[in-house]
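What's in coords-v9.csv: CSV, C-alpha atoms
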chain,number,residue,atom,x,y,z
A,20,MET,CA,-88.9,-14.0,-68.0
A,21,GLU,CA,-85.4,-15.4,-68.7
A,22,HIS,CA,-84.9,-19.2,-68.7
A,23,ALA,CA,-82.5,-19.2,-65.8
A,24,GLU,CA,-85.0,-17.2,-63.7
A,25,ARG,CA,-87.9,-19.5,-64.5
A,26,LEU,CA,-85.7,-22.5,-63.6
A,27,LEU,CA,-84.6,-20.8,-60.3
A,28,ASP,CA,-88.2,-20.0,-59.5
A,29,ALA,CA,-89.3,-23.6,-60.0
A,30,ALA,CA,-86.3,-25.1,-58.3
A,31,GLY,CA,-86.6,-22.7,-55.4
A,32,ASP,CA,-90.2,-23.6,-54.7
A,33,LEU,CA,-89.6,-27.4,-55.2
A,34,PHE,CA,-86.3,-27.6,-53.3
A,35,TYR,CA,-87.6,-25.6,-50.3
A,36,ARG,CA,-90.9,-27.3,-50.1
A,37,ARG,CA,-89.9,-30.9,-50.7
A,38,GLY,CA,-86.1,-31.0,-50.3
A,39,VAL,CA,-83.2,-31.1,-52.8
A,40,GLN,CA,-82.8,-34.9,-52.9
A,41,ALA,CA,-86.6,-35.5,-53.5
A,42,VAL,CA,-86.7,-33.3,-56.6
A,43,GLY,CA,-85.4,-34.5,-59.9
A,44,MET,CA,-84.2,-32.3,-62.7
A,45,ASP,CA,-87.1,-33.4,-64.9
A,46,GLU,CA,-89.5,-32.0,-62.2
A,47,VAL,CA,-87.7,-28.7,-62.3
A,48,ARG,CA,-87.9,-28.7,-66.1
A,49,ALA,CA,-91.7,-29.5,-66.0
A,50,ALA,CA,-92.5,-26.9,-63.4
A,51,SER,CA,-90.5,-24.2,-65.2
A,52,GLY,CA,-91.7,-25.0,-68.7
A,53,VAL,CA,-88.1,-24.9,-69.9
A,54,SER,CA,-86.7,-27.7,-72.1
A,55,LEU,CA,-84.3,-30.2,-70.5
A,56,LYS,CA,-81.7,-29.1,-73.0
A,57,ARG,CA,-82.0,-25.5,-72.0
A,58,LEU,CA,-82.0,-26.4,-68.3
A,59,TYR,CA,-78.6,-28.1,-68.7
A,60,GLN,CA,-77.3,-25.2,-70.8
A,61,CYS,CA,-78.2,-22.9,-67.9
A,62,PHE,CA,-77.2,-25.3,-65.1
A,63,PRO,CA,-74.9,-28.1,-66.2
A,64,SER,CA,-75.6,-30.2,-63.0
A,65,LYS,CA,-78.0,-30.5,-60.2
A,66,GLU,CA,-75.3,-29.2,-57.9
A,67,ALA,CA,-74.9,-26.1,-60.0
A,68,LEU,CA,-78.7,-25.5,-59.8
A,69,VAL,CA,-78.7,-26.0,-56.0
A,70,VAL,CA,-75.8,-23.6,-55.6
A,71,ALA,CA,-77.6,-21.0,-57.7
A,72,TYR,CA,-80.9,-21.5,-55.8
A,73,LEU,CA,-79.1,-21.0,-52.5
A,74,ALA,CA,-77.2,-17.9,-53.7
A,75,ARG,CA,-80.4,-16.4,-54.9
A,76,ARG,CA,-82.2,-17.3,-51.7
A,77,ASP,CA,-79.4,-15.7,-49.7
A,78,GLU,CA,-79.7,-12.5,-51.6
A,79,ARG,CA,-83.5,-12.3,-51.2
A,80,TRP,CA,-83.5,-13.5,-47.6
A,81,MET,CA,-80.8,-11.1,-46.4
A,82,SER,CA,-82.3,-8.2,-48.4
A,83,SER,CA,-85.6,-8.6,-46.8
A,84,LEU,CA,-84.1,-9.0,-43.3
A,85,THR,CA,-81.8,-6.0,-43.6
A,86,ARG,CA,-84.5,-3.8,-45.1
A,87,HIS,CA,-86.8,-4.7,-42.2
A,88,ALA,CA,-84.2,-4.2,-39.5
A,89,GLY,CA,-82.9,-1.0,-41.2
A,90,ALA,CA,-86.3,0.6,-41.0
A,91,ALA,CA,-86.2,0.4,-37.2
A,92,ALA,CA,-84.6,2.9,-34.9
A,93,PRO,CA,-80.9,2.0,-34.3
A,94,GLN,CA,-81.6,0.8,-30.7
A,95,ASP,CA,-84.4,-1.4,-31.9
A,96,ARG,CA,-82.7,-3.1,-34.8
A,97,ILE,CA,-81.8,-6.3,-32.9
A,98,ALA,CA,-85.4,-6.6,-31.7
A,99,ALA,CA,-86.5,-6.0,-35.3
A,100,VAL,CA,-84.6,-9.1,-36.5
A,101,PHE,CA,-86.7,-11.3,-34.2
A,102,ALA,CA,-89.9,-9.5,-35.2
A,103,TRP,CA,-89.0,-10.3,-38.8
A,104,LEU,CA,-88.4,-13.9,-37.9
A,105,GLU,CA,-91.8,-14.1,-36.3
A,106,ARG,CA,-93.4,-12.8,-39.5
A,107,TRP,CA,-91.4,-15.3,-41.6
A,108,PHE,CA,-92.2,-18.2,-39.3
A,109,GLY,CA,-95.9,-17.5,-39.8
A,110,GLU,CA,-95.8,-17.7,-43.6
A,111,ASP,CA,-97.8,-20.6,-45.0
A,112,ASP,CA,-94.8,-22.0,-46.9
A,113,PHE,CA,-92.3,-21.8,-44.0
A,114,ARG,CA,-90.1,-24.9,-43.9
A,115,GLY,CA,-87.2,-23.8,-41.8
A,116,CYS,CA,-83.8,-22.6,-43.0
A,117,GLY,CA,-83.3,-23.5,-46.6
A,118,PHE,CA,-79.5,-23.4,-46.1
A,119,VAL,CA,-79.5,-25.8,-43.2
A,120,ASN,CA,-82.0,-28.0,-45.0
A,121,ALA,CA,-79.8,-28.2,-48.1
A,122,TYR,CA,-76.6,-28.7,-46.1
A,123,ALA,CA,-78.3,-31.6,-44.2
A,124,GLU,CA,-79.1,-33.2,-47.5
A,125,LEU,CA,-76.0,-32.5,-49.5
A,126,GLY,CA,-73.3,-30.7,-47.4
A,127,PRO,CA,-71.1,-33.7,-46.6
A,128,SER,CA,-71.0,-34.7,-50.3
A,129,SER,CA,-70.9,-31.2,-51.9
A,130,GLU,CA,-68.2,-28.7,-51.2
A,131,ALA,CA,-70.0,-26.2,-53.3
A,132,VAL,CA,-73.2,-26.4,-51.3
A,133,ARG,CA,-71.2,-26.4,-48.0
A,134,GLU,CA,-69.5,-23.2,-49.2
A,135,VAL,CA,-72.6,-21.3,-50.2
A,136,VAL,CA,-74.2,-22.3,-46.8
A,137,ARG,CA,-71.1,-21.1,-44.9
A,138,ARG,CA,-71.2,-17.8,-46.9
A,139,HIS,CA,-74.8,-17.2,-46.0
A,140,LYS,CA,-74.3,-17.9,-42.3
A,141,GLN,CA,-71.2,-15.7,-42.3
A,142,ARG,CA,-73.1,-12.9,-44.0
A,143,LEU,CA,-75.9,-13.2,-41.4
A,144,ARG,CA,-73.3,-13.1,-38.6
A,145,ASP,CA,-71.6,-10.1,-40.1
A,146,PHE,CA,-75.0,-8.3,-40.3
A,147,LEU,CA,-75.7,-9.2,-36.7
A,148,ARG,CA,-72.2,-7.9,-35.8
A,149,GLU,CA,-73.1,-4.5,-37.4
A,150,LEU,CA,-76.2,-4.4,-35.2
A,151,ALA,CA,-74.1,-5.3,-32.2
A,152,ALA,CA,-71.4,-2.6,-32.9
A,153,ASN,CA,-71.9,-0.9,-29.5
A,154,ALA,CA,-71.3,-4.0,-27.5
A,155,ARG,CA,-68.2,-4.5,-25.5
A,156,ASP,CA,-67.4,-7.5,-27.8
A,157,PRO,CA,-69.5,-7.2,-31.0
A,158,ASP,CA,-68.2,-10.6,-32.3
A,159,ASP,CA,-69.3,-12.4,-29.2
A,160,LEU,CA,-72.7,-10.8,-29.2
A,161,ALA,CA,-73.2,-11.5,-32.9
A,162,GLY,CA,-72.3,-15.2,-32.3
A,163,GLN,CA,-74.9,-15.4,-29.5
A,164,LEU,CA,-77.5,-13.7,-31.7
A,165,LEU,CA,-76.8,-16.1,-34.5
A,166,VAL,CA,-77.4,-19.1,-32.2
A,167,LEU,CA,-80.7,-17.5,-31.1
A,168,VAL,CA,-81.8,-17.0,-34.8
A,169,ASP,CA,-80.9,-20.5,-35.8
A,170,GLY,CA,-82.4,-22.0,-32.7
A,171,ALA,CA,-85.7,-20.2,-33.1
A,172,THR,CA,-85.7,-21.2,-36.8
A,173,VAL,CA,-85.3,-24.9,-36.0
A,174,THR,CA,-87.9,-24.7,-33.2
A,175,ALA,CA,-90.4,-23.0,-35.6
A,176,MET,CA,-89.7,-25.6,-38.2
A,177,LEU,CA,-90.2,-28.6,-35.9
A,178,SER,CA,-93.3,-27.0,-34.2
A,179,PRO,CA,-94.9,-24.6,-36.6
A,180,GLU,CA,-97.7,-23.9,-34.1
A,181,ASP,CA,-95.1,-22.5,-31.7
A,182,GLY,CA,-93.2,-20.5,-34.4
A,183,ALA,CA,-94.3,-17.1,-33.2
A,184,GLU,CA,-93.5,-17.9,-29.6
A,185,ALA,CA,-90.1,-19.2,-30.7
A,186,ALA,CA,-89.3,-15.9,-32.3
A,187,ARG,CA,-90.6,-13.9,-29.3
A,188,ALA,CA,-88.7,-16.1,-26.8
A,189,ALA,CA,-85.5,-15.7,-28.8
A,190,GLY,CA,-86.2,-11.9,-29.0
A,191,ARG,CA,-86.5,-11.7,-25.2
A,192,ALA,CA,-83.3,-13.6,-24.8
A,193,ALA,CA,-81.6,-11.4,-27.3
A,194,ALA,CA,-82.7,-8.3,-25.3
A,195,LEU,CA,-81.2,-9.7,-22.1
A,196,ILE,CA,-78.0,-10.7,-23.8
A,197,ARG,CA,-77.7,-7.3,-25.5
A,198,ALA,CA,-78.3,-5.5,-22.2
A,199,ALA,CA,-75.5,-7.5,-20.6
A,200,ALA,CA,-73.2,-7.0,-23.5
A,201,CYS,CA,-73.6,-3.3,-24.0
A,202,PRO,CA,-72.2,-0.6,-21.8
A,203,ALA,CA,-74.8,1.3,-19.8

Can I see the file as structure tokens?
Amino acid sequence: MEHAERLLDAAGDLFYRRGVQAVGMDEVRAASGVSLKRLYQCFPSKEALVVAYLARRDERWMSSLTRHAGAAAPQDRIAAVFAWLERWFGEDDFRGCGFVNAYAELGPSSEAVREVVRRHKQRLRDFLRELAANARDPDDLAGQLLVLVDGATVTAMLSPEDGAEAARAAGRAAALIRAAACPA
């Protein structure tokens, strides 16, 4: 495995599990087995490593979500988003939205982190807009669905024992909103 990949694997696990601020570069180095010199050759700053971690997380997260929703019948794809969330919320290592978590820690002080978080949320909204294409106002429905996704994610993070119900409740709300937003 390439050095950058090992570093991103280690950073991804540590940052998501413990938080960006709580993890030092030496911990990433130790967990990856890569020398500190090589770490800084790959990622010249912690901010660069955080941005790369988030970009990689975006790619993997969106790929998994779009693959899952894309496997459903077209009329069931919005519901499939919330079924995917339910599965994600039930994972042992679920710690909420890695993007919101990173932004909460670094966003105000890091334009680069803020930008990668914005891109992720915009990419998610664009995907939801694709699923809402038959609505009278796809942009409005996508915005409402994004609020449901983010709200369910925060609820599941704060009350992991209620994570599955948060996803199901958001899915029920999405079905009602979709029915009202789509022509009969």

Smallest atom-to-atom distance to Val132 of chain A: which of A:Arg37, A:Lys65, A:Lys56, A:His87, using only C-alpha atoms?
-> A:Lys65

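A straight line drawn from atom CA of Ser129 of chain A to atom CA of Val70 of chain A is 9.8 Å long.
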
Surrounding residues of Arg142 of chain A excluding itself and chain neighbours under 6 positions, 10 Å, only C-alpha atoms, as a list of chain:residue names | A:Asp77, A:Met81, A:Val136, A:Arg148

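Picture a line from atom CA of Ala185 of chain A to atom CA of Ala171 of chain A; it runs 5.1 Å.
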
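Using all atoms listed in the file, the protein and nucleic acid residues lying at most 8 Å from the point (-89.7, -15.2, -37.8) are Phe101, Ala102, Trp103, Leu104, Glu105, Arg106, Trp107, Phe108, Gly109, Ala171, Thr172, Gly182, Ala183 and Ala186 of chain A.
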
Quote the spacing between atom CA of Ala88 of chain A and atom CA of Pro202 of chain A in Å to one decimal place.
-> 21.7 Å

Pick from A:Phe146, A:Phe62, A:Phe113, A:Phe34: nearest to Ser82 of chain A, with only C-alpha atoms counted?
-> A:Phe146

Residues at most 12 Å from Val166 of chain A, counting all atoms listed in the file, excluding those fewer than 4 positions away in the same chain, as a list in words?
-> Lys140, Leu143, Arg144, Leu147, Asp159, Leu160, Ala161, Gly162, Gly170, Ala171, Thr172, Val173, Thr174, Ala189, Gly190, Ala192, Ala193 and Ile196 of chain A

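Ranking A:Leu195, A:Ala200, A:Ala175, A:Val39 by their shortest atom-to-atom distance to Glu124 of chain A, with only C-alpha atoms included, puts A:Val39 first.
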
Compare A:Asp169, A:Ala198, A:Glu149, A:Glu66 by their minimum atom-to-atom distance to Thr85 of chain A, counting all atoms listed in the file, and give me the closest one.
-> A:Glu149

Residue nearest His139 of chain A - candidates A:Leu73, A:Asp156, A:Met176, A:Glu184, atoms counted: all atoms listed in the file = A:Leu73

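Distance annotation: of A:Leu27, A:Ala121, A:Leu164, A:Ala74, the residue with the minimal separation from Leu150 of chain A is A:Leu164; atom set is all atoms listed in the file.
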
Dump as a ChimeraX atom specification all residues having an atom at most 8 Å from (-89.2, -18.6, -70.2), computed in the file's coordinates with only C-alpha atoms.
-> /A:20-22,24-25,51-53

Some atoms are absent from segment 103-114 of chain A, so rebuild all heavy atoms and return them as an mmCIF file, in the frame of the given file.
data_model
loop_
_atom_site.group_PDB
_atom_site.id
_atom_site.type_symbol
_atom_site.label_atom_id
_atom_site.label_comp_id
_atom_site.auth_asym_id
_atom_site.auth_seq_id
_atom_site.Cartn_x
_atom_site.Cartn_y
_atom_site.Cartn_z
ATOM 1 N N TRP A 103 -88.973 -9.801 -37.453
ATOM 2 C CA TRP A 103 -89.000 -10.300 -38.800
ATOM 3 C C TRP A 103 -89.065 -11.805 -38.865
ATOM 4 O O TRP A 103 -89.813 -12.373 -39.665
ATOM 5 C CB TRP A 103 -87.705 -9.792 -39.543
ATOM 6 C CG TRP A 103 -87.629 -10.164 -40.988
ATOM 7 C CD1 TRP A 103 -88.121 -9.454 -42.044
ATOM 8 C CD2 TRP A 103 -87.036 -11.338 -41.547
ATOM 9 N NE1 TRP A 103 -87.865 -10.116 -43.223
ATOM 10 C CE2 TRP A 103 -87.198 -11.272 -42.951
ATOM 11 C CE3 TRP A 103 -86.375 -12.441 -41.007
ATOM 12 C CZ2 TRP A 103 -86.726 -12.258 -43.813
ATOM 13 C CZ3 TRP A 103 -85.909 -13.426 -41.853
ATOM 14 C CH2 TRP A 103 -86.087 -13.336 -43.238
ATOM 15 N N LEU A 104 -88.318 -12.454 -37.972
ATOM 16 C CA LEU A 104 -88.400 -13.900 -37.900
ATOM 17 C C LEU A 104 -89.810 -14.376 -37.571
ATOM 18 O O LEU A 104 -90.314 -15.336 -38.166
ATOM 19 C CB LEU A 104 -87.428 -14.461 -36.844
ATOM 20 C CG LEU A 104 -85.936 -14.380 -37.159
ATOM 21 C CD1 LEU A 104 -85.123 -14.847 -35.951
ATOM 22 C CD2 LEU A 104 -85.576 -15.178 -38.399
ATOM 23 N N GLU A 105 -90.456 -13.695 -36.646
ATOM 24 C CA GLU A 105 -91.800 -14.100 -36.300
ATOM 25 C C GLU A 105 -92.739 -14.011 -37.501
ATOM 26 O O GLU A 105 -93.549 -14.918 -37.730
ATOM 27 C CB GLU A 105 -92.354 -13.156 -35.178
ATOM 28 C CG GLU A 105 -93.748 -13.535 -34.717
ATOM 29 C CD GLU A 105 -94.262 -12.680 -33.574
ATOM 30 O OE1 GLU A 105 -93.487 -11.901 -32.973
ATOM 31 O OE2 GLU A 105 -95.462 -12.796 -33.276
ATOM 32 N N ARG A 106 -92.595 -12.966 -38.283
ATOM 33 C CA ARG A 106 -93.400 -12.800 -39.500
ATOM 34 C C ARG A 106 -93.083 -13.985 -40.472
ATOM 35 O O ARG A 106 -93.981 -14.614 -41.039
ATOM 36 C CB ARG A 106 -93.162 -11.486 -40.152
ATOM 37 C CG ARG A 106 -94.106 -11.210 -41.313
ATOM 38 C CD ARG A 106 -93.811 -9.899 -41.999
ATOM 39 N NE ARG A 106 -92.594 -10.084 -42.780
ATOM 40 C CZ ARG A 106 -91.715 -9.144 -43.043
ATOM 41 N NH1 ARG A 106 -91.880 -7.923 -42.587
ATOM 42 N NH2 ARG A 106 -90.654 -9.379 -43.769
ATOM 43 N N TRP A 107 -91.786 -14.261 -40.682
ATOM 44 C CA TRP A 107 -91.400 -15.300 -41.600
ATOM 45 C C TRP A 107 -91.885 -16.683 -41.134
ATOM 46 O O TRP A 107 -92.403 -17.460 -41.925
ATOM 47 C CB TRP A 107 -89.834 -15.329 -41.701
ATOM 48 C CG TRP A 107 -89.249 -16.408 -42.576
ATOM 49 C CD1 TRP A 107 -89.680 -16.802 -43.810
ATOM 50 C CD2 TRP A 107 -88.113 -17.202 -42.274
ATOM 51 N NE1 TRP A 107 -88.872 -17.801 -44.300
ATOM 52 C CE2 TRP A 107 -87.900 -18.065 -43.373
ATOM 53 C CE3 TRP A 107 -87.243 -17.262 -41.185
ATOM 54 C CZ2 TRP A 107 -86.858 -18.978 -43.416
ATOM 55 C CZ3 TRP A 107 -86.196 -18.175 -41.240
ATOM 56 C CH2 TRP A 107 -86.011 -19.024 -42.337
ATOM 57 N N PHE A 108 -91.777 -16.955 -39.823
ATOM 58 C CA PHE A 108 -92.200 -18.200 -39.300
ATOM 59 C C PHE A 108 -93.732 -18.439 -39.511
ATOM 60 O O PHE A 108 -94.201 -19.569 -39.578
ATOM 61 C CB PHE A 108 -91.931 -18.369 -37.802
ATOM 62 C CG PHE A 108 -90.468 -18.347 -37.441
ATOM 63 C CD1 PHE A 108 -90.096 -18.168 -36.111
ATOM 64 C CD2 PHE A 108 -89.458 -18.492 -38.377
ATOM 65 C CE1 PHE A 108 -88.765 -18.148 -35.732
ATOM 66 C CE2 PHE A 108 -88.110 -18.457 -38.017
ATOM 67 C CZ PHE A 108 -87.763 -18.289 -36.688
ATOM 68 N N GLY A 109 -94.475 -17.363 -39.624
ATOM 69 C CA GLY A 109 -95.900 -17.500 -39.800
ATOM 70 C C GLY A 109 -96.359 -17.614 -41.254
ATOM 71 O O GLY A 109 -97.545 -17.807 -41.517
ATOM 72 N N GLU A 110 -95.428 -17.548 -42.182
ATOM 73 C CA GLU A 110 -95.800 -17.700 -43.600
ATOM 74 C C GLU A 110 -96.228 -19.141 -43.858
ATOM 75 O O GLU A 110 -95.669 -20.092 -43.297
ATOM 76 C CB GLU A 110 -94.620 -17.321 -44.500
ATOM 77 C CG GLU A 110 -94.312 -15.837 -44.450
ATOM 78 C CD GLU A 110 -93.089 -15.439 -45.269
ATOM 79 O OE1 GLU A 110 -92.484 -16.299 -45.951
ATOM 80 O OE2 GLU A 110 -92.734 -14.253 -45.211
ATOM 81 N N ASP A 111 -97.219 -19.294 -44.731
ATOM 82 C CA ASP A 111 -97.800 -20.600 -45.000
ATOM 83 C C ASP A 111 -96.728 -21.597 -45.563
ATOM 84 O O ASP A 111 -96.814 -22.799 -45.305
ATOM 85 C CB ASP A 111 -98.904 -20.516 -46.062
ATOM 86 C CG ASP A 111 -100.149 -19.883 -45.467
ATOM 87 O OD1 ASP A 111 -100.298 -19.894 -44.223
ATOM 88 O OD2 ASP A 111 -100.974 -19.375 -46.240
ATOM 89 N N ASP A 112 -95.746 -21.102 -46.299
ATOM 90 C CA ASP A 112 -94.800 -22.000 -46.900
ATOM 91 C C ASP A 112 -93.477 -22.127 -46.084
ATOM 92 O O ASP A 112 -92.487 -22.664 -46.575
ATOM 93 C CB ASP A 112 -94.447 -21.552 -48.333
ATOM 94 C CG ASP A 112 -93.721 -20.213 -48.388
ATOM 95 O OD1 ASP A 112 -93.720 -19.464 -47.384
ATOM 96 O OD2 ASP A 112 -93.154 -19.905 -49.451
ATOM 97 N N PHE A 113 -93.482 -21.671 -44.831
ATOM 98 C CA PHE A 113 -92.300 -21.800 -44.000
ATOM 99 C C PHE A 113 -91.896 -23.226 -43.790
ATOM 100 O O PHE A 113 -92.715 -24.033 -43.358
ATOM 101 C CB PHE A 113 -92.488 -21.067 -42.650
ATOM 102 C CG PHE A 113 -91.330 -21.242 -41.716
ATOM 103 C CD1 PHE A 113 -90.154 -20.536 -41.909
ATOM 104 C CD2 PHE A 113 -91.393 -22.132 -40.655
ATOM 105 C CE1 PHE A 113 -89.073 -20.715 -41.064
ATOM 106 C CE2 PHE A 113 -90.326 -22.310 -39.802
ATOM 107 C CZ PHE A 113 -89.158 -21.605 -40.008
ATOM 108 N N ARG A 114 -90.645 -23.558 -44.107
ATOM 109 C CA ARG A 114 -90.100 -24.900 -43.900
ATOM 110 C C ARG A 114 -88.762 -24.916 -43.247
ATOM 111 O O ARG A 114 -87.980 -25.826 -43.430
ATOM 112 C CB ARG A 114 -89.974 -25.617 -45.290
ATOM 113 C CG ARG A 114 -91.239 -25.750 -46.106
ATOM 114 C CD ARG A 114 -92.159 -26.838 -45.558
ATOM 115 N NE ARG A 114 -93.329 -27.031 -46.388
ATOM 116 C CZ ARG A 114 -94.464 -26.350 -46.278
ATOM 117 N NH1 ARG A 114 -94.596 -25.409 -45.371
ATOM 118 N NH2 ARG A 114 -95.480 -26.592 -47.069
#
